[in-house]
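File shown here: coords-v3.csv, holding CSV, C-alpha atoms.
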chain,number,residue,atom,x,y,z
A,72,MET,CA,58.5,53.3,50.0
A,73,THR,CA,56.3,56.3,49.3
A,74,ALA,CA,56.1,59.4,51.5
A,75,PHE,CA,52.9,59.4,53.6
A,76,SER,CA,50.5,62.2,54.3
A,77,THR,CA,51.0,63.7,57.8
A,78,VAL,CA,47.8,62.2,59.3
A,79,ALA,CA,48.3,58.8,57.7
A,80,ALA,CA,51.9,58.5,58.9
A,81,GLY,CA,50.7,57.6,62.4
A,82,THR,CA,48.7,54.7,61.1
A,83,TYR,CA,51.5,53.5,58.9
A,84,GLN,CA,54.1,54.0,61.7
A,85,ARG,CA,52.2,51.8,64.1
A,86,LEU,CA,52.0,49.0,61.6
A,87,LEU,CA,55.6,49.5,60.6
A,88,GLU,CA,56.5,48.7,64.2
A,89,ALA,CA,54.8,45.3,63.7
A,90,ARG,CA,56.6,44.6,60.5
A,91,GLY,CA,58.9,41.9,62.0
A,92,GLU,CA,55.9,39.9,63.2
A,93,LEU,CA,54.1,40.2,59.9
A,94,VAL,CA,57.1,39.1,57.9
A,95,ALA,CA,57.6,36.1,60.2
A,96,LEU,CA,54.0,35.1,59.8
A,97,ARG,CA,54.0,35.6,56.1
A,98,ARG,CA,57.1,33.5,55.6
A,99,GLU,CA,55.7,30.8,57.9
A,100,LEU,CA,52.6,30.7,55.8
A,101,HIS,CA,54.6,30.6,52.6
A,102,ALA,CA,56.5,27.5,53.8
A,103,MET,CA,53.3,25.5,54.4
A,104,PRO,CA,51.1,26.0,51.2
A,105,GLU,CA,47.8,24.2,50.9
A,106,LEU,CA,45.3,23.9,48.1
A,107,GLY,CA,41.7,25.1,48.1
A,108,PHE,CA,39.6,23.7,50.9
A,109,GLU,CA,42.6,22.0,52.4
A,110,GLU,CA,43.9,25.1,54.3
A,111,ARG,CA,43.6,23.5,57.8
A,112,ARG,CA,47.2,24.3,58.9
A,113,THR,CA,47.0,27.7,57.4
A,114,GLY,CA,43.7,28.4,59.1
A,115,ALA,CA,44.9,27.1,62.4
A,116,ARG,CA,47.9,29.4,62.3
A,117,ILE,CA,45.8,32.4,61.3
A,118,VAL,CA,43.4,31.7,64.2
A,119,GLN,CA,46.4,31.6,66.6
A,120,ALA,CA,47.6,34.9,65.2
A,121,LEU,CA,44.1,36.5,65.5
A,122,ARG,CA,43.7,35.4,69.1
A,123,ALA,CA,47.1,37.0,69.9
A,124,CYS,CA,45.8,40.2,68.2
A,125,GLY,CA,42.8,40.4,70.5
A,126,VAL,CA,39.9,40.1,68.1
A,127,ASP,CA,36.5,39.7,69.7
A,128,GLU,CA,35.1,36.7,67.8
A,129,ILE,CA,36.5,34.0,65.5
A,130,HIS,CA,34.1,31.9,63.4
A,131,GLU,CA,35.6,28.8,61.7
A,132,GLY,CA,34.4,26.4,59.1
A,133,ILE,CA,32.5,28.9,56.9
A,134,GLY,CA,32.6,27.6,53.3
A,135,ARG,CA,34.3,24.5,54.5
A,136,THR,CA,37.7,26.0,55.6
A,137,GLY,CA,37.0,29.7,55.7
A,138,LEU,CA,37.4,31.9,58.7
A,139,VAL,CA,35.7,35.2,59.9
A,140,ALA,CA,37.0,37.4,62.7
A,141,LEU,CA,35.0,40.2,64.2
A,142,ILE,CA,36.4,43.3,65.9
A,143,HIS,CA,33.9,45.6,67.5
A,144,GLY,CA,34.8,49.3,67.6
A,145,GLN,CA,32.9,52.1,69.4
A,146,PRO,CA,29.1,51.6,69.9
A,147,SER,CA,27.1,53.0,67.0
A,148,ALA,CA,23.5,54.2,66.7
A,149,ARG,CA,22.7,51.4,64.3
A,150,PRO,CA,24.6,48.1,63.5
A,151,ARG,CA,27.2,48.8,60.8
A,152,LEU,CA,29.6,46.2,59.4
A,153,ILE,CA,32.4,46.6,56.9
A,154,GLY,CA,34.1,43.6,55.4
A,155,LEU,CA,37.8,43.0,54.5
A,156,ARG,CA,38.8,39.9,52.6
A,157,ALA,CA,42.1,37.9,52.1
A,158,ASP,CA,42.5,34.6,50.3
A,159,MET,CA,44.4,31.7,51.9
A,160,ASP,CA,45.1,29.0,49.3
A,161,ALA,CA,48.2,28.1,47.3
A,162,LEU,CA,48.9,26.7,43.8
A,163,PRO,CA,49.9,23.2,42.5
A,164,LEU,CA,53.3,24.5,41.4
A,165,LYS,CA,56.8,23.3,42.2
A,166,GLU,CA,58.7,26.2,43.8
A,167,GLN,CA,62.2,27.0,42.4
A,168,ASN,CA,63.3,29.4,45.1
A,169,ASP,CA,66.1,28.5,47.5
A,170,PHE,CA,65.5,30.9,50.4
A,171,ALA,CA,64.9,29.6,53.9
A,172,TRP,CA,61.1,30.0,53.8
A,173,ARG,CA,60.5,28.2,50.5
A,174,SER,CA,57.7,25.6,50.3
A,175,ALA,CA,58.1,22.6,52.5
A,176,SER,CA,55.3,20.8,50.5
A,177,PRO,CA,56.6,19.3,47.2
A,178,GLY,CA,54.5,20.4,44.3
A,179,LEU,CA,52.7,23.2,46.2
A,180,MET,CA,53.6,26.9,46.3
A,181,HIS,CA,52.3,30.3,47.3
A,182,ALA,CA,52.9,31.7,43.9
A,183,CYS,CA,50.2,34.3,44.0
A,184,GLY,CA,50.9,36.1,47.3
A,185,HIS,CA,48.0,34.8,49.3
A,186,ASP,CA,50.4,34.3,52.2
A,187,GLY,CA,51.0,38.1,52.0
A,188,HIS,CA,47.4,38.9,51.8
A,189,CYS,CA,46.7,36.9,55.0
A,190,ALA,CA,49.5,38.5,56.8
A,191,MET,CA,48.3,42.0,55.8
A,192,LEU,CA,44.8,41.2,57.1
A,193,VAL,CA,46.2,39.9,60.4
A,194,GLY,CA,48.2,43.1,60.6
A,195,ALA,CA,45.0,45.1,60.2
A,196,ALA,CA,43.3,43.0,62.9
A,197,ARG,CA,46.2,43.8,65.2
A,198,TYR,CA,45.9,47.5,64.6
A,199,LEU,CA,42.1,47.7,64.7
A,200,ALA,CA,41.8,45.6,67.9
A,201,GLN,CA,44.4,47.8,69.6
A,202,THR,CA,43.0,51.2,68.5
A,203,ARG,CA,39.2,50.6,67.9
A,204,ARG,CA,38.8,54.1,66.4
A,205,PHE,CA,35.7,53.2,64.5
A,206,GLU,CA,32.0,52.9,65.2
A,207,GLY,CA,30.6,49.5,64.3
A,208,THR,CA,32.2,46.1,63.5
A,209,ALA,CA,35.1,45.1,61.2
A,210,VAL,CA,34.4,41.7,59.6
A,211,LEU,CA,37.7,40.1,58.5
A,212,VAL,CA,37.1,37.3,56.0
A,213,PHE,CA,39.9,34.7,55.4
A,214,GLN,CA,38.6,32.9,52.3
A,215,PRO,CA,39.6,29.4,51.1
A,216,GLY,CA,39.8,28.1,47.5
A,217,GLU,CA,40.3,31.3,45.4
A,218,GLU,CA,42.5,29.5,42.8
A,219,GLY,CA,39.7,27.9,40.8
A,220,TYR,CA,37.7,26.4,43.6
A,221,GLY,CA,35.1,29.1,44.0
A,222,GLY,CA,35.7,29.6,47.7
A,223,ALA,CA,33.9,32.9,47.8
A,224,ARG,CA,30.8,31.3,46.4
A,225,GLU,CA,31.1,28.6,49.0
A,226,MET,CA,31.3,31.0,51.8
A,227,ILE,CA,28.3,33.0,50.6
A,228,ALA,CA,26.3,29.8,50.1
A,229,ASP,CA,27.2,28.9,53.7
A,230,GLY,CA,25.6,32.1,55.0
A,231,LEU,CA,28.5,34.5,55.1
A,232,PHE,CA,26.5,37.6,54.4
A,233,ASP,CA,23.4,36.4,56.2
A,234,ARG,CA,25.5,36.0,59.4
A,235,PHE,CA,27.6,39.1,58.9
A,236,PRO,CA,25.6,41.5,56.8
A,237,VAL,CA,28.4,43.9,55.8
A,238,GLU,CA,27.3,47.1,54.0
A,239,ALA,CA,30.5,46.9,51.8
A,240,ILE,CA,33.5,44.6,51.4
A,241,TYR,CA,37.0,45.3,50.2
A,242,ALA,CA,39.9,43.1,49.0
A,243,MET,CA,43.3,43.8,47.5
A,244,HIS,CA,45.9,41.8,45.6
A,245,ASN,CA,49.6,42.4,45.3
A,246,TRP,CA,50.6,43.5,41.8
A,247,PRO,CA,54.2,43.0,40.5
A,248,HIS,CA,53.4,45.4,37.6
A,249,LEU,CA,53.1,48.4,40.0
A,250,PRO,CA,56.0,49.7,42.0
A,251,PRO,CA,56.0,49.3,45.8
A,252,GLY,CA,54.0,52.1,47.4
A,253,LYS,CA,51.6,52.5,44.4
A,254,ILE,CA,47.9,51.5,44.6
A,255,GLY,CA,45.6,51.0,41.6
A,256,LEU,CA,41.9,50.5,41.0
A,257,ASN,CA,39.0,51.7,38.9
A,258,ARG,CA,35.3,52.3,39.0
A,259,GLY,CA,34.2,49.3,37.0
A,260,ALA,CA,35.7,46.0,35.8
A,261,MET,CA,38.9,45.0,37.5
A,262,MET,CA,39.1,41.3,36.4
A,263,ALA,CA,37.5,39.3,33.6
A,264,ALA,CA,35.0,36.5,33.8
A,265,ALA,CA,36.7,33.1,33.4
A,266,ASP,CA,35.1,30.3,31.4
A,267,ARG,CA,36.5,26.8,30.9
A,268,VAL,CA,36.0,25.1,27.5
A,269,GLN,CA,36.6,21.5,26.6
A,270,ILE,CA,36.0,20.4,23.0
A,271,SER,CA,35.7,16.7,22.2
A,272,ILE,CA,36.0,15.8,18.5
A,273,GLN,CA,34.8,12.3,17.5
A,274,GLY,CA,36.2,11.1,14.2
A,275,ARG,CA,37.0,7.6,12.8
A,276,GLY,CA,40.3,6.1,13.4
A,277,GLY,CA,42.5,4.6,10.7
A,278,HIS,CA,46.0,4.1,9.2
A,279,GLY,CA,48.1,7.1,8.4
A,280,ALA,CA,48.8,5.6,5.1
A,281,HIS,CA,45.1,5.4,4.2
A,282,PRO,CA,43.6,8.7,5.5
A,283,HIS,CA,40.8,8.6,3.0
A,284,LEU,CA,39.3,5.7,5.0
A,285,SER,CA,39.3,7.7,8.2
A,286,VAL,CA,37.8,10.9,9.6
A,287,ASP,CA,40.8,12.6,11.1
A,288,PRO,CA,40.0,14.4,14.4
A,289,VAL,CA,43.5,15.9,14.5
A,290,LEU,CA,43.0,17.7,11.2
A,291,ILE,CA,39.6,18.8,12.4
A,292,ALA,CA,41.1,20.1,15.6
A,293,GLY,CA,43.5,22.2,13.7
A,294,HIS,CA,40.7,23.8,11.7
A,295,ILE,CA,38.8,24.5,14.9
A,296,ILE,CA,41.8,26.0,16.6
A,297,THR,CA,42.1,28.5,13.7
A,298,ALA,CA,38.4,29.1,13.4
A,299,VAL,CA,37.7,30.1,17.0
A,300,GLN,CA,40.2,32.9,16.7
A,301,SER,CA,37.7,34.7,14.6
A,302,LEU,CA,35.1,34.6,17.4
A,303,VAL,CA,36.4,37.8,19.0
A,304,SER,CA,37.7,39.6,15.8
A,305,ARG,CA,34.5,39.0,13.8
A,306,ASN,CA,31.7,38.8,16.5
A,307,ILE,CA,32.6,41.2,19.3
A,308,ALA,CA,32.6,45.0,18.8
A,309,PRO,CA,36.1,46.4,18.7
A,310,ILE,CA,35.4,48.6,21.7
A,311,GLU,CA,34.7,45.5,23.8
A,312,GLN,CA,37.3,43.2,25.3
A,313,ALA,CA,37.4,39.4,25.1
A,314,VAL,CA,40.0,36.6,24.8
A,315,VAL,CA,39.6,33.0,23.5
A,316,SER,CA,42.6,30.7,24.1
A,317,LEU,CA,42.8,27.0,23.3
A,318,CYS,CA,45.7,26.0,25.4
A,319,SER,CA,45.8,22.2,25.3
A,320,MET,CA,45.3,19.4,22.8
A,321,GLN,CA,45.3,15.6,23.4
A,322,ALA,CA,44.9,13.1,20.5
A,323,GLY,CA,46.4,9.7,19.9
A,324,GLU,CA,49.6,8.2,21.2
A,325,SER,CA,53.0,9.8,20.5
A,326,SER,CA,54.5,6.4,19.8
A,327,ALA,CA,51.8,5.5,17.3
A,328,PHE,CA,53.2,7.6,14.5
A,329,SER,CA,51.0,6.0,11.8
A,330,VAL,CA,47.7,5.7,13.7
A,331,ILE,CA,44.9,8.2,13.1
A,332,PRO,CA,43.0,8.4,16.4
A,333,GLU,CA,39.3,8.4,16.9
A,334,LEU,CA,39.1,11.2,19.4
A,335,ALA,CA,40.8,14.6,19.9
A,336,GLN,CA,40.2,17.0,22.8
A,337,LEU,CA,40.9,20.7,23.1
A,338,THR,CA,40.9,22.6,26.3
A,339,GLY,CA,41.0,26.3,26.8
A,340,THR,CA,39.6,29.4,28.4
A,341,VAL,CA,37.3,32.3,27.4
A,342,ARG,CA,37.6,35.7,29.1
A,343,SER,CA,35.2,38.6,28.9
A,344,PHE,CA,33.8,41.5,31.0
A,345,LYS,CA,30.1,41.7,30.0
A,346,PRO,CA,27.4,39.0,30.4
A,347,GLU,CA,26.1,39.6,26.9
A,348,VAL,CA,29.6,39.2,25.4
A,349,GLN,CA,30.0,36.0,27.5
A,350,GLN,CA,26.7,34.6,26.3
A,351,LEU,CA,27.5,35.5,22.6
A,352,LEU,CA,30.9,33.8,22.7
A,353,GLU,CA,29.4,30.6,24.3
A,354,GLU,CA,26.7,30.4,21.6
A,355,ARG,CA,28.9,31.2,18.6
A,356,MET,CA,31.7,28.9,19.8
A,357,THR,CA,29.3,26.0,20.2
A,358,ARG,CA,27.8,26.5,16.8
A,359,MET,CA,31.1,27.0,15.1
A,360,VAL,CA,32.8,23.9,16.6
A,361,GLU,CA,29.8,21.7,15.8
A,362,SER,CA,29.6,23.0,12.2
A,363,VAL,CA,33.3,22.7,11.5
A,364,ALA,CA,33.3,19.1,12.7
A,365,LEU,CA,30.2,18.3,10.7
A,366,GLY,CA,31.8,19.7,7.6
A,367,PHE,CA,34.5,17.1,7.8
A,368,GLY,CA,32.0,14.3,8.5
A,369,ALA,CA,32.7,14.2,12.3
A,370,SER,CA,30.9,15.3,15.4
A,371,ALA,CA,32.0,17.6,18.2
A,372,LYS,CA,30.7,18.5,21.6
A,373,VAL,CA,31.5,21.6,23.6
A,374,ASP,CA,31.5,21.5,27.4
A,375,TYR,CA,31.4,25.2,28.3
A,376,GLN,CA,31.7,25.9,32.1
A,377,ARG,CA,31.3,29.4,33.5
A,378,LEU,CA,33.7,29.5,36.4
A,379,TYR,CA,34.0,33.1,37.7
A,380,PRO,CA,32.0,36.2,36.8
A,381,ALA,CA,33.8,39.4,36.1
A,382,THR,CA,35.1,41.3,39.1
A,383,ILE,CA,33.2,44.6,39.0
A,384,ASN,CA,33.9,47.4,41.5
A,385,SER,CA,30.8,49.4,42.5
A,386,ALA,CA,31.4,53.0,41.6
A,387,PRO,CA,30.7,54.7,45.0
A,388,GLU,CA,32.9,52.2,46.9
A,389,ALA,CA,35.7,52.4,44.3
A,390,ASP,CA,35.6,56.2,44.6
A,391,PHE,CA,35.7,55.9,48.4
A,392,ALA,CA,38.6,53.4,48.3
A,393,ALA,CA,40.5,55.6,46.0
A,394,LYS,CA,40.1,58.6,48.4
A,395,VAL,CA,41.3,56.4,51.3
A,396,ALA,CA,44.3,55.3,49.3
A,397,GLN,CA,45.1,58.9,48.4
A,398,TRP,CA,44.8,59.9,52.0
A,399,LEU,CA,47.3,57.2,52.9
A,400,VAL,CA,49.9,57.5,50.2
A,401,GLY,CA,49.1,60.7,48.3
A,402,ALA,CA,47.2,61.2,45.1
A,403,GLU,CA,50.3,60.9,43.0
A,404,ASN,CA,50.7,57.3,44.1
A,405,VAL,CA,47.2,56.2,43.3
A,406,ASP,CA,46.0,55.2,39.8
A,407,ASP,CA,42.2,55.3,40.0
A,408,LYS,CA,41.9,54.5,36.3
A,409,LEU,CA,43.9,51.3,36.3
A,410,PRO,CA,43.2,49.2,33.2
A,411,PRO,CA,41.4,45.9,34.0
A,412,SER,CA,43.1,42.5,33.7
A,413,MET,CA,41.9,39.6,31.7
A,414,GLY,CA,42.8,37.4,34.7
A,415,SER,CA,40.0,36.4,37.0
A,416,GLU,CA,39.2,36.5,40.7
A,417,ASP,CA,36.4,34.9,42.7
A,418,PHE,CA,36.0,37.9,44.9
A,419,ALA,CA,33.7,38.6,42.0
A,420,PHE,CA,31.0,36.5,43.7
A,421,MET,CA,31.3,38.8,46.8
A,422,LEU,CA,30.9,41.9,44.7
A,423,GLN,CA,27.8,40.4,43.1
A,424,ALA,CA,26.3,40.0,46.6
A,425,ARG,CA,27.6,43.3,48.2
A,426,PRO,CA,28.9,46.7,47.1
A,427,GLY,CA,32.7,46.9,47.4
A,428,ALA,CA,36.0,47.3,45.6
A,429,TYR,CA,39.0,45.3,44.6
A,430,LEU,CA,42.4,47.1,44.7
A,431,ARG,CA,45.9,46.5,43.4
A,432,LEU,CA,48.8,46.9,45.8
A,433,GLY,CA,52.1,47.5,44.0
A,434,GLN,CA,54.9,45.3,45.0
A,435,GLY,CA,57.3,45.4,42.1
A,436,GLY,CA,59.8,42.7,41.7
A,437,PRO,CA,61.3,40.7,38.8
A,438,CYS,CA,58.8,37.9,38.8
A,439,GLY,CA,55.1,37.8,37.9
A,440,LEU,CA,52.3,36.0,39.6
A,441,HIS,CA,51.9,32.2,39.2
A,442,GLN,CA,55.6,31.8,38.5
A,443,PRO,CA,57.9,29.2,40.2
A,444,ARG,CA,60.3,31.9,41.4
A,445,TYR,CA,57.7,34.4,42.6
A,446,ASP,CA,57.8,35.6,46.2
A,447,PHE,CA,55.7,38.3,48.0
A,448,ASN,CA,57.5,41.5,48.7
A,449,ASP,CA,57.6,41.8,52.5
A,450,GLU,CA,58.3,45.6,52.3
A,451,VAL,CA,54.7,46.3,51.5
A,452,LEU,CA,53.1,44.3,54.3
A,453,PRO,CA,52.7,47.4,56.6
A,454,LEU,CA,51.2,49.4,53.8
A,455,GLY,CA,48.7,46.7,53.0
A,456,SER,CA,47.7,46.5,56.6
A,457,ALA,CA,47.4,50.2,56.9
A,458,LEU,CA,45.2,50.4,53.8
A,459,PHE,CA,42.9,47.6,55.1
A,460,SER,CA,42.7,49.5,58.5
A,461,ALA,CA,42.0,52.9,56.9
A,462,LEU,CA,39.1,51.4,54.9
A,463,VAL,CA,37.4,50.4,58.1
A,464,GLU,CA,38.2,53.6,60.1
A,465,GLN,CA,37.0,55.9,57.3
A,466,SER,CA,34.0,53.8,56.5
A,467,LEU,CA,33.0,53.8,60.1
A,468,PRO,CA,34.2,57.1,61.5
A,469,VAL,CA,33.8,57.9,65.2
A,470,THR,CA,31.1,60.5,65.7
A,471,ALA,CA,32.2,63.6,67.5
A,472,ALA,CA,30.8,63.9,71.0
Re-express the file's structure as structure tokens.
Amino acid sequence: MTAFSTVAAGTYQRLLEARGELVALRRELHAMPELGFEERRTGARIVQALRACGVDEIHEGIGRTGLVALIHGQPSARPRLIGLRADMDALPLKEQNDFAWRSASPGLMHACGHDGHCAMLVGAARYLAQTRRFEGTAVLVFQPGEEGYGGAREMIADGLFDRFPVEAIYAMHNWPHLPPGKIGLNRGAMMAAADRVQISIQGRGGHGAHPHLSVDPVLIAGHIITAVQSLVSRNIAPIEQAVVSLCSMQAGESSAFSVIPELAQLTGTVRSFKPEVQQLLEERMTRMVESVALGFGASAKVDYQRLYPATINSAPEADFAAKVAQWLVGAENVDDKLPPSMGSEDFAFMLQARPGAYLRLGQGGPCGLHQPRYDFNDEVLPLGSALFSALVEQSLPVTAA
């Protein structure tokens, strides 16, 4: 683990003393994974932990299964609130680990480290409730349904920021591609917008021995798969970033080796950072798919769904978060120009509604996110809690008497 600055060492040491409790909680959460908007056992366990921490208020059922805890610091001249967010849900993935805290729910797994994020935020709650060295209120948001369910959007629609009008909100995600003790972020895009695409190709079925009497949707699908790869290379400026991936194809029956089907379906994703690029890709893909199908005498329909917007850090809050991270672990351990990821994150909805920043917390390890042998690195729990805590304390400093 990294060497801490002299002042920050006290914050980290206090949380290091709670490491055993945080590890136990994290592993307990890991063993009982739940999908988006089903996090009832997870939520109940977090509420229990928050009460033991001594938080002042707990609000349940926001955005269906979301939680918000409030910790009031020293009185301030005007109401000031700073938000911290952790995600709670797991993935529909069969775990292949064999340690004692592996998933007890077949087919479900904490393969993205949300168990660790929750434990880190509970650790911050423990520290902030004990010390209260800040003026204002810390708003701790435990969000459901990050993995494709839009839980952040649900919480906002349910009045999250109307009830708790934070002036800024921060989140972090463990990152196996950074070593433990390292922190990364940047002043702009951290994660890409995620769109889902489903293409339905309607042809005319027939016998494989007489293809001239059919309109083969499998052949047309092959041409579409190839054609859409030109969308980025021949429509998007080279200095921009975008990805088009068609990842699934369904057509016919595998046992019907001589039957040309009537229908083929392609499913995939489009990733981008800028709204204008996103709009262009949707328009050009729709036109291209319809035109290719028409050229073969078939028809095609594109169902284009915009799931998550790009996760964009606001510059002042990103600069502030970088300074807090440097104060905590030293400038040499903070990359404030971390390249963005083409993955997506629904914290993007919160950053559209409020200023804030999304950070990467290095955890190292041999296994990447969303893999069946992934596990959160418990060694970084105290550091994550310290970073959450420092973001509140330095956002809301106590005024000298």
Contacts of Ala200 of chain A at 12 Å or less, counting all atoms listed in the file, minus same-chain residues fewer than 5 places along, as a tab-separated table (two decimals) with C-alpha atoms, in the coordinates of the input?
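Saved result, selection_11.tsv, follows:
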chain	number	residue	atom	x	y	z
A	121	LEU	CA	44.10	36.50	65.50
A	122	ARG	CA	43.70	35.40	69.10
A	123	ALA	CA	47.10	37.00	69.90
A	124	CYS	CA	45.80	40.20	68.20
A	125	GLY	CA	42.80	40.40	70.50
A	126	VAL	CA	39.90	40.10	68.10
A	127	ASP	CA	36.50	39.70	69.70
A	128	GLU	CA	35.10	36.70	67.80
A	140	ALA	CA	37.00	37.40	62.70
A	141	LEU	CA	35.00	40.20	64.20
A	142	ILE	CA	36.40	43.30	65.90
A	143	HIS	CA	33.90	45.60	67.50
A	144	GLY	CA	34.80	49.30	67.60
A	145	GLN	CA	32.90	52.10	69.40
A	193	VAL	CA	46.20	39.90	60.40
A	194	GLY	CA	48.20	43.10	60.60
A	195	ALA	CA	45.00	45.10	60.20
A	205	PHE	CA	35.70	53.20	64.50
A	208	THR	CA	32.20	46.10	63.50
A	209	ALA	CA	35.10	45.10	61.20
A	210	VAL	CA	34.40	41.70	59.60
A	211	LEU	CA	37.70	40.10	58.50
A	460	SER	CA	42.70	49.50	58.50
A	463	VAL	CA	37.40	50.40	58.10
A	464	GLU	CA	38.20	53.60	60.10
*Please check which residues have atoms at most 7 Å from (43.0, 29.3, 22.9) in the file's coordinates, counting only C-alpha atoms, and write them as a list in words.*
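Those residues lying close to the given coordinates are Val315, Ser316, Leu317, Cys318, Gly339 and Thr340 of chain A.
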Selected residues written out, C-alpha atoms, as a CSV table (one decimal), keeping the file's coordinate frame:
chain,number,residue,atom,x,y,z
A,315,VAL,CA,39.6,33.0,23.5
A,316,SER,CA,42.6,30.7,24.1
A,317,LEU,CA,42.8,27.0,23.3
A,318,CYS,CA,45.7,26.0,25.4
A,339,GLY,CA,41.0,26.3,26.8
A,340,THR,CA,39.6,29.4,28.4
*Have a look at atom CA of Ser326 of chain A and atom CA of Ala292 of chain A and let me know their distance in Å, one decimal.*
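Straight-line distance from atom CA of Ser326 of chain A to atom CA of Ala292 of chain A works out to 19.6 Å.
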_Atomic separation - atom CA of Gly230 of chain A relative to atom CA of Arg431 of chain A, Å_ =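 Result for atom CA of Arg431 of chain A versus atom CA of Gly230 of chain A: 27.5 Å, one decimal.
As for atom CA of Gly216 of chain A and atom CA of Tyr375 of chain A, they are spaced 21.2 Å apart.
Using all atoms listed in the file, the smallest distance between any of A:Ile240, A:Ala335, A:Pro443, A:Ser325 and Ala389 of chain A comes from A:Ile240.
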*asked:* Please list, as a list in words, the residues that have an atom at most 9 Å away from (37.9, 35.6, 27.7) in the coordinates of this file, counting all atoms listed in the file.
replied: Ala263, Ala264, Ala265, Asp266, Gln312, Ala313, Val314, Val315, Ser316, Thr340, Val341, Arg342, Ser343, Phe344, Gln349, Leu352, Met413 and Gly414 of chain A
*Choose the residue, out of A:Leu452, A:Leu87, A:Met359, A:Leu334, that has the smallest atom-to-atom separation from Ile295 of chain A; count all atoms listed in the file.*
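Of A:Leu452, A:Leu87, A:Met359, A:Leu334, the one nearest Ile295 of chain A is A:Met359, counting all atoms listed in the file.
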